[in-house]
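A.B. asks: Input file: target-v1.cif. Contents: mmCIF, C-alpha atoms.
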```cif
data_start
loop_
_atom_site.group_PDB
_atom_site.id
_atom_site.type_symbol
_atom_site.label_atom_id
_atom_site.label_comp_id
_atom_site.auth_asym_id
_atom_site.auth_seq_id
_atom_site.Cartn_x
_atom_site.Cartn_y
_atom_site.Cartn_z
ATOM 1 C CA MET A 506 0.000 0.000 0.000
ATOM 2 C CA PRO A 507 1.434 3.453 -0.929
ATOM 3 C CA ARG A 508 2.867 5.502 1.915
ATOM 4 C CA LEU A 509 0.374 8.362 1.485
ATOM 5 C CA GLU A 510 -2.557 5.941 1.539
ATOM 6 C CA LEU A 511 -1.283 4.436 4.785
ATOM 7 C CA ARG A 512 -0.902 7.914 6.214
ATOM 8 C CA HIS A 513 -4.498 8.710 5.176
ATOM 9 C CA LEU A 514 -5.817 5.636 6.992
ATOM 10 C CA ALA A 515 -3.815 6.540 10.093
ATOM 11 C CA THR A 516 -5.272 10.059 9.974
ATOM 12 C CA LEU A 517 -8.832 8.745 9.794
ATOM 13 C CA ARG A 518 -8.205 6.488 12.794
ATOM 14 C CA ALA A 519 -6.638 9.353 14.735
ATOM 15 C CA ILE A 520 -9.614 11.640 14.061
ATOM 16 C CA ALA A 521 -11.990 8.880 15.154
ATOM 17 C CA GLY A 522 -9.974 8.425 18.348
ATOM 18 C CA ALA A 523 -9.968 12.151 19.111
ATOM 19 C CA ARG A 524 -13.713 12.319 18.533
ATOM 20 C CA THR A 525 -14.365 9.399 20.902
ATOM 21 C CA LEU A 526 -12.155 10.881 23.618
ATOM 22 C CA ALA A 527 -13.731 14.336 23.259
ATOM 23 C CA ASP A 528 -17.180 12.772 23.589
ATOM 24 C CA ALA A 529 -16.141 10.912 26.757
ATOM 25 C CA ALA A 530 -14.573 14.067 28.237
ATOM 26 C CA MET A 531 -17.749 16.037 27.541
ATOM 27 C CA HIS A 532 -19.790 13.362 29.299
ATOM 28 C CA GLU A 533 -17.677 13.690 32.456
ATOM 29 C CA ILE A 534 -17.734 17.494 32.404
ATOM 30 C CA ALA A 535 -21.522 17.416 32.040
ATOM 31 C CA ARG A 536 -21.696 15.123 35.101
ATOM 32 C CA GLY A 537 -19.606 17.575 37.135
ATOM 33 C CA ASN A 538 -16.484 15.376 37.110
ATOM 34 C CA PRO A 539 -13.868 17.459 35.273
ATOM 35 C CA GLY A 540 -11.007 15.553 36.893
ATOM 36 C CA LEU A 541 -11.971 12.438 34.964
ATOM 37 C CA ALA A 542 -11.865 14.439 31.730
ATOM 38 C CA PHE A 543 -8.305 15.741 32.145
ATOM 39 C CA LYS A 544 -6.535 12.635 30.842
ATOM 40 C CA MET A 545 -8.978 12.340 27.957
ATOM 41 C CA LEU A 546 -8.395 15.931 26.874
ATOM 42 C CA SER A 547 -4.633 15.434 27.183
ATOM 43 C CA ARG A 548 -4.881 12.464 24.841
ATOM 44 C CA VAL A 549 -6.907 14.540 22.379
ATOM 45 C CA SER A 550 -4.049 17.064 22.359
ATOM 46 C CA ARG A 551 -1.482 14.338 21.723
ATOM 47 C CA ILE A 552 -3.570 12.923 18.878
ATOM 48 C CA GLN A 553 -3.765 16.397 17.379
ATOM 49 C CA ALA A 554 0.034 16.630 17.520
ATOM 50 C CA GLN A 555 0.164 13.303 15.664
ATOM 51 C CA LEU A 556 -2.238 14.641 13.031
ATOM 52 C CA THR A 557 -0.016 17.667 12.523
ATOM 53 C CA GLU A 558 2.857 15.329 11.649
ATOM 54 C CA SER A 559 0.837 14.044 8.674
ATOM 55 C CA TRP A 560 1.410 17.385 6.978
ATOM 56 C CA ALA A 561 5.167 16.791 7.186
ATOM 57 C CA VAL A 562 4.692 13.841 4.822
ATOM 58 C CA LEU A 563 2.267 15.629 2.494
ATOM 59 C CA SER A 564 4.512 18.693 2.296
ATOM 60 C CA THR A 565 7.119 16.607 0.430
ATOM 61 C CA MET A 566 4.726 16.580 -2.546
ATOM 62 C CA THR A 567 5.715 18.948 -5.347
ATOM 63 C CA PRO A 568 3.246 20.905 -7.509
ATOM 64 C CA ALA A 569 3.995 18.467 -10.359
ATOM 65 C CA ASP A 570 3.250 15.496 -8.099
ATOM 66 C CA TYR A 571 -0.095 16.994 -7.114
ATOM 67 C CA SER A 572 -1.040 17.925 -10.667
ATOM 68 C CA SER A 573 -0.566 14.324 -11.754
ATOM 69 C CA PHE A 574 -3.674 13.213 -9.831
ATOM 70 C CA ARG A 575 -5.561 16.474 -9.127
ATOM 71 C CA SER A 576 -8.259 15.771 -11.717
ATOM 72 C CA ALA A 577 -9.129 12.457 -10.030
ATOM 73 C CA LEU A 578 -10.090 14.282 -6.815
ATOM 74 C CA GLY A 579 -12.964 16.201 -8.396
ATOM 75 C CA GLN A 580 -14.681 18.198 -5.629
ATOM 76 C CA SER A 581 -13.444 15.890 -2.869
ATOM 77 C CA SER A 582 -12.095 17.543 0.266
ATOM 78 C CA GLY A 583 -10.820 16.421 3.643
ATOM 79 C CA PHE A 584 -13.374 18.781 5.186
ATOM 80 C CA GLN A 585 -16.070 16.400 3.913
ATOM 81 C CA SER A 586 -15.077 13.870 6.578
ATOM 82 C CA TYR A 587 -18.069 13.633 8.905
ATOM 83 C CA GLN A 588 -15.818 12.507 11.775
ATOM 84 C CA TYR A 589 -13.661 15.605 11.397
ATOM 85 C CA ARG A 590 -16.791 17.773 11.201
ATOM 86 C CA GLN A 591 -18.223 16.108 14.291
ATOM 87 C CA LEU A 592 -15.004 16.833 16.196
ATOM 88 C CA GLU A 593 -15.108 20.504 15.179
ATOM 89 C CA PHE A 594 -18.747 20.727 16.269
ATOM 90 C CA MET A 595 -17.836 19.205 19.644
ATOM 91 C CA LEU A 596 -15.130 21.837 20.062
ATOM 92 C CA GLY A 597 -17.578 24.600 19.159
ATOM 93 C CA ASN A 598 -17.013 25.436 15.498
ATOM 94 C CA LYS A 599 -20.704 25.099 14.634
ATOM 95 C CA ASN A 600 -21.784 25.639 11.040
ATOM 96 C CA PRO A 601 -25.151 24.261 9.859
ATOM 97 C CA ALA A 602 -24.084 24.589 6.213
ATOM 98 C CA MET A 603 -21.428 21.921 6.748
ATOM 99 C CA VAL A 604 -24.103 19.356 7.619
ATOM 100 C CA ARG A 605 -25.670 19.502 4.150
ATOM 101 C CA VAL A 606 -22.533 18.040 2.596
ATOM 102 C CA HIS A 607 -23.535 14.708 4.164
ATOM 103 C CA ARG A 608 -27.161 14.584 3.012
ATOM 104 C CA ASP A 609 -26.408 11.441 0.954
ATOM 105 C CA ASN A 610 -25.281 9.629 4.127
ATOM 106 C CA PRO A 611 -28.378 9.483 6.388
ATOM 107 C CA ALA A 612 -26.554 8.007 9.398
ATOM 108 C CA ALA A 613 -23.796 10.635 9.291
ATOM 109 C CA LEU A 614 -26.340 13.397 8.667
ATOM 110 C CA GLN A 615 -28.407 12.399 11.697
ATOM 111 C CA GLU A 616 -25.339 12.225 13.933
ATOM 112 C CA LEU A 617 -24.031 15.608 12.797
ATOM 113 C CA GLU A 618 -27.416 17.255 13.271
ATOM 114 C CA ARG A 619 -27.504 15.891 16.820
ATOM 115 C CA VAL A 620 -24.029 17.192 17.688
ATOM 116 C CA LEU A 621 -24.806 20.519 16.008
ATOM 117 C CA ARG A 622 -27.768 21.109 18.334
ATOM 118 C CA GLU A 623 -26.035 19.952 21.525
ATOM 119 C CA PRO A 624 -23.690 21.978 23.779
ATOM 120 C CA SER A 625 -20.007 21.986 22.851
ATOM 121 C CA VAL A 626 -17.275 21.086 25.331
ATOM 122 C CA TYR A 627 -16.945 24.799 26.121
ATOM 123 C CA ASP A 628 -20.678 25.243 26.687
ATOM 124 C CA LEU A 629 -20.541 22.364 29.173
ATOM 125 C CA SER A 630 -17.475 23.890 30.840
ATOM 126 C CA LEU A 631 -19.311 27.203 31.290
ATOM 127 C CA ARG A 632 -22.217 25.381 32.903
ATOM 128 C CA LEU A 633 -19.728 23.805 35.309
ATOM 129 C CA LEU A 634 -18.233 27.229 36.005
ATOM 130 C CA HIS A 635 -21.710 28.476 36.903
ATOM 131 C CA ALA A 636 -22.510 25.410 39.018
ATOM 132 C CA GLN A 637 -19.376 25.982 41.110
ATOM 133 C CA GLY A 638 -20.437 29.478 42.122
ATOM 134 C CA LEU A 639 -19.104 31.662 39.309
ATOM 135 C CA ARG A 640 -22.459 32.947 38.159
ATOM 136 C CA LEU A 641 -23.017 33.490 34.451
ATOM 137 C CA PRO A 642 -25.942 35.047 32.535
ATOM 138 C CA ALA A 643 -28.819 32.724 31.653
ATOM 139 C CA ASP A 644 -28.389 33.374 27.915
ATOM 140 C CA VAL A 645 -24.830 32.041 28.107
ATOM 141 C CA LEU A 646 -25.960 28.802 29.700
ATOM 142 C CA GLU A 647 -29.051 28.227 27.578
ATOM 143 C CA ARG A 648 -28.816 29.355 23.985
ATOM 144 C CA ASP A 649 -29.038 28.106 20.421
ATOM 145 C CA PHE A 650 -26.097 25.701 20.437
ATOM 146 C CA SER A 651 -26.241 25.256 16.654
ATOM 147 C CA VAL A 652 -24.509 28.628 16.215
ATOM 148 C CA PRO A 653 -20.934 29.446 17.268
ATOM 149 C CA TYR A 654 -20.374 30.769 20.769
ATOM 150 C CA ALA A 655 -19.667 34.520 21.020
ATOM 151 C CA ALA A 656 -17.320 35.871 23.690
ATOM 152 C CA ARG A 657 -18.834 37.624 26.707
ATOM 153 C CA PRO A 658 -17.125 39.918 29.257
ATOM 154 C CA GLU A 659 -18.983 38.190 32.115
ATOM 155 C CA VAL A 660 -17.389 34.893 31.116
ATOM 156 C CA GLU A 661 -13.909 36.425 30.944
ATOM 157 C CA ARG A 662 -14.365 37.856 34.442
ATOM 158 C CA ALA A 663 -15.386 34.436 35.744
ATOM 159 C CA TRP A 664 -12.323 32.775 34.226
ATOM 160 C CA ALA A 665 -10.156 35.593 35.609
ATOM 161 C CA GLU A 666 -11.405 34.692 39.092
ATOM 162 C CA VAL A 667 -10.422 31.073 38.470
ATOM 163 C CA TYR A 668 -6.921 32.047 37.370
ATOM 164 C CA ARG A 669 -6.428 34.477 40.247
ATOM 165 C CA ASP A 670 -7.433 31.870 42.830
ATOM 166 C CA SER A 671 -6.328 28.620 41.199
ATOM 167 C CA ALA A 672 -5.965 26.839 44.556
ATOM 168 C CA ARG A 673 -9.636 27.374 45.311
ATOM 169 C CA TYR A 674 -10.811 26.531 41.792
ATOM 170 C CA TRP A 675 -8.166 23.940 40.944
ATOM 171 C CA ASP A 676 -10.412 21.664 38.849
ATOM 172 C CA LEU A 677 -11.711 24.589 36.817
ATOM 173 C CA TYR A 678 -8.195 25.988 36.414
ATOM 174 C CA GLU A 679 -6.872 22.632 35.212
ATOM 175 C CA LEU A 680 -9.850 22.190 32.888
ATOM 176 C CA ALA A 681 -9.178 25.604 31.367
ATOM 177 C CA GLU A 682 -5.558 24.711 30.688
ATOM 178 C CA LYS A 683 -6.523 21.354 29.142
ATOM 179 C CA LEU A 684 -8.906 23.174 26.807
ATOM 180 C CA VAL A 685 -6.189 25.669 25.888
ATOM 181 C CA ASP A 686 -3.881 22.734 25.082
ATOM 182 C CA VAL A 687 -6.518 21.275 22.761
ATOM 183 C CA GLU A 688 -7.088 24.553 20.937
ATOM 184 C CA HIS A 689 -3.371 25.284 20.705
ATOM 185 C CA GLN A 690 -2.740 21.944 19.006
ATOM 186 C CA PHE A 691 -5.702 22.474 16.705
ATOM 187 C CA GLN A 692 -4.307 25.832 15.626
ATOM 188 C CA VAL A 693 -0.894 24.276 14.966
ATOM 189 C CA TRP A 694 -2.647 21.689 12.780
ATOM 190 C CA ARG A 695 -4.520 24.426 10.910
ATOM 191 C CA PHE A 696 -1.323 26.403 10.337
ATOM 192 C CA SER A 697 0.487 23.316 9.019
ATOM 193 C CA HIS A 698 -2.468 22.615 6.740
ATOM 194 C CA MET A 699 -2.400 26.150 5.368
ATOM 195 C CA LYS A 700 1.366 26.189 4.741
ATOM 196 C CA THR A 701 1.297 22.757 3.076
ATOM 197 C CA VAL A 702 -1.488 23.848 0.725
ATOM 198 C CA GLU A 703 0.351 27.092 -0.032
ATOM 199 C CA ARG A 704 3.528 25.165 -0.785
ATOM 200 C CA ILE A 705 1.848 22.728 -3.169
ATOM 201 C CA ILE A 706 -0.876 24.674 -4.998
ATOM 202 C CA GLY A 707 -0.157 28.299 -4.142
ATOM 203 C CA HIS A 708 -3.339 30.361 -4.110
ATOM 204 C CA ARG A 709 -5.447 28.231 -6.435
ATOM 205 C CA ARG A 710 -8.935 27.187 -5.312
ATOM 206 C CA GLY A 711 -9.234 24.146 -3.067
ATOM 207 C CA THR A 712 -10.750 20.866 -4.219
ATOM 208 C CA GLY A 713 -13.809 21.308 -1.997
ATOM 209 C CA GLY A 714 -14.706 24.612 -3.652
ATOM 210 C CA THR A 715 -13.130 26.851 -0.996
ATOM 211 C CA SER A 716 -10.831 29.735 -1.853
ATOM 212 C CA GLY A 717 -7.852 27.634 -0.803
ATOM 213 C CA VAL A 718 -5.102 29.312 1.187
ATOM 214 C CA SER A 719 -7.109 32.471 1.916
ATOM 215 C CA TYR A 720 -9.888 30.297 3.416
ATOM 216 C CA LEU A 721 -7.368 28.478 5.600
ATOM 217 C CA VAL A 722 -5.794 31.773 6.713
ATOM 218 C CA ARG A 723 -9.208 33.032 7.859
ATOM 219 C CA ALA A 724 -9.732 29.792 9.785
ATOM 220 C CA LEU A 725 -6.674 30.652 11.888
ATOM 221 C CA ASP A 726 -8.630 33.539 13.426
ATOM 222 C CA LEU A 727 -11.373 31.243 14.754
ATOM 223 C CA ARG A 728 -11.404 30.670 18.513
ATOM 224 C CA PHE A 729 -13.174 27.764 20.188
ATOM 225 C CA PHE A 730 -12.648 29.091 23.728
ATOM 226 C CA PRO A 731 -12.152 32.854 23.281
ATOM 227 C CA GLU A 732 -12.137 33.971 26.922
ATOM 228 C CA LEU A 733 -9.462 31.432 27.828
ATOM 229 C CA TRP A 734 -7.162 33.403 25.529
ATOM 230 C CA SER A 735 -8.309 36.951 26.282
ATOM 231 C CA VAL A 736 -8.143 36.354 30.051
ATOM 232 C CA ARG A 737 -4.355 36.084 29.764
ATOM 233 C CA THR A 738 -4.241 39.775 29.008
ATOM 234 C CA SER A 739 -6.627 40.818 31.760
ATOM 235 C CA ILE A 740 -5.123 38.943 34.749
#
```
Let me see the structure of the file written as structure tokens.
C.D. replies:
Amino acid sequence: MPRLELRHLATLRAIAGARTLADAAMHEIARGNPGLAFKMLSRVSRIQAQLTESWAVLSTMTPADYSSFRSALGQSSGFQSYQYRQLEFMLGNKNPAMVRVHRDNPAALQELERVLREPSVYDLSLRLLHAQGLRLPADVLERDFSVPYAARPEVERAWAEVYRDSARYWDLYELAEKLVDVEHQFQVWRFSHMKTVERIIGHRRGTGGTSGVSYLVRALDLRFFPELWSVRTSI
């Protein structure tokens, strides 16, 4: 089996593993047991680091190499992986338009619609924050979870309290840092993706119909857990 095909299979397995671990971590956070989620989130971060390494292999491909099979890809795109999309939804990058890509796969469509409507790992973490005495507005805790979360100053102030008194809020503090690890690794993966695409096809359009590199550059500005980054400036 060709090396790139083996790498593709390994990537699919890694994404499936990260999705399963994220789901288990979310279950524990929802039950009020963040400590049990720490190891799971750490493993998600390590899997993401492994996924980033896949770009090191793909980046050895030259423009001529890619052109030799580009036509066979048609409109196929890695973003059409329902497991990858499910993982992004779990982390909070909700986008109803991405569900329609899977309308020819009823089982995948049903699963993605479910995850789209449910709280993300960050939504569940904010509920835990509230439950442990750091009161948050009702419209933060109960909202339309099918749309991306928008940063709130009340949430940043709550996280600032956690960081200022980490001994008192140790579980919340550790949970915050595990989430930052996950997002950090995801951003490293996105950056590697963008630079690999730029190296191979320049600024041509992507196979999935996106604008290619410019689309991937914009994705770098997305934040799953915005207050966990902004709080670093305010404390």
A.B. asks: Identify which of the residues A:Ala665, A:Gly707, A:Arg548, A:Pro731 lies closest to Pro568 (chain A), counting all atoms listed in the file when measuring atom-to-atom distances.
C.D. replies: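 Answer, going by the shortest atom-to-atom distance: A:Gly707.
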A.B. asks: Name the residues captured by the PyMOL selection byres ((chain A and resi 521) around 12) when it is applied to the shown file; answer as a PyMOL selection string.
C.D. replies: chain A and resi 514-520+522-528+549+552-553+556+586-592
A.B. asks: Using only C-alpha atoms, which residues sit within 8 Å of Phe696 (chain A) once same-chain residues fewer than 5 positions away are excluded, as a PyMOL selection string?
C.D. replies: chain A and resi 721-722+725
A.B. asks: Could you dump the residues just selected with C-alpha atoms as a compact mmCIF listing (two decimals), in the frame of the given file?
C.D. replies:
```
# COMPACT_ATOMS: atom_id res chain seq x y z
CA LEU A 721 -7.37 28.48 5.60
CA VAL A 722 -5.79 31.77 6.71
CA LEU A 725 -6.67 30.65 11.89
```
A.B. asks: Step by step, work through what the PyMOL selection byres ((chain A and resi 685) around 10) selects in the shown file, and finish by giving those residues as an mmCIF file with C-alpha atoms, in the coordinates of the input.
C.D. replies:
```cif
data_model
loop_
_atom_site.group_PDB
_atom_site.id
_atom_site.type_symbol
_atom_site.label_atom_id
_atom_site.label_comp_id
_atom_site.auth_asym_id
_atom_site.auth_seq_id
_atom_site.Cartn_x
_atom_site.Cartn_y
_atom_site.Cartn_z
ATOM 1 C CA SER A 550 -4.049 17.064 22.359
ATOM 2 C CA GLU A 679 -6.872 22.632 35.212
ATOM 3 C CA LEU A 680 -9.850 22.190 32.888
ATOM 4 C CA ALA A 681 -9.178 25.604 31.367
ATOM 5 C CA GLU A 682 -5.558 24.711 30.688
ATOM 6 C CA LYS A 683 -6.523 21.354 29.142
ATOM 7 C CA LEU A 684 -8.906 23.174 26.807
ATOM 8 C CA ASP A 686 -3.881 22.734 25.082
ATOM 9 C CA VAL A 687 -6.518 21.275 22.761
ATOM 10 C CA GLU A 688 -7.088 24.553 20.937
ATOM 11 C CA HIS A 689 -3.371 25.284 20.705
ATOM 12 C CA GLN A 690 -2.740 21.944 19.006
ATOM 13 C CA PHE A 691 -5.702 22.474 16.705
ATOM 14 C CA PHE A 729 -13.174 27.764 20.188
ATOM 15 C CA PHE A 730 -12.648 29.091 23.728
ATOM 16 C CA PRO A 731 -12.152 32.854 23.281
ATOM 17 C CA LEU A 733 -9.462 31.432 27.828
ATOM 18 C CA TRP A 734 -7.162 33.403 25.529
#
```
A.B. asks: Have a look at CA of Leu641 (chain A) and CA of Asp676 (chain A) and let me know their distance in Å, one decimal.
C.D. replies: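 CA of Leu641 (chain A) sits 17.8 Å away from CA of Asp676 (chain A).
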A.B. asks: Set the distance at 7 Å and use all atoms listed in the file: which residues neighbour Met595 (chain A) once local chain neighbours fewer than 4 positions away are removed? I'd like the list as a ChimeraX atom specification.
C.D. replies: /A:591,620,625-626
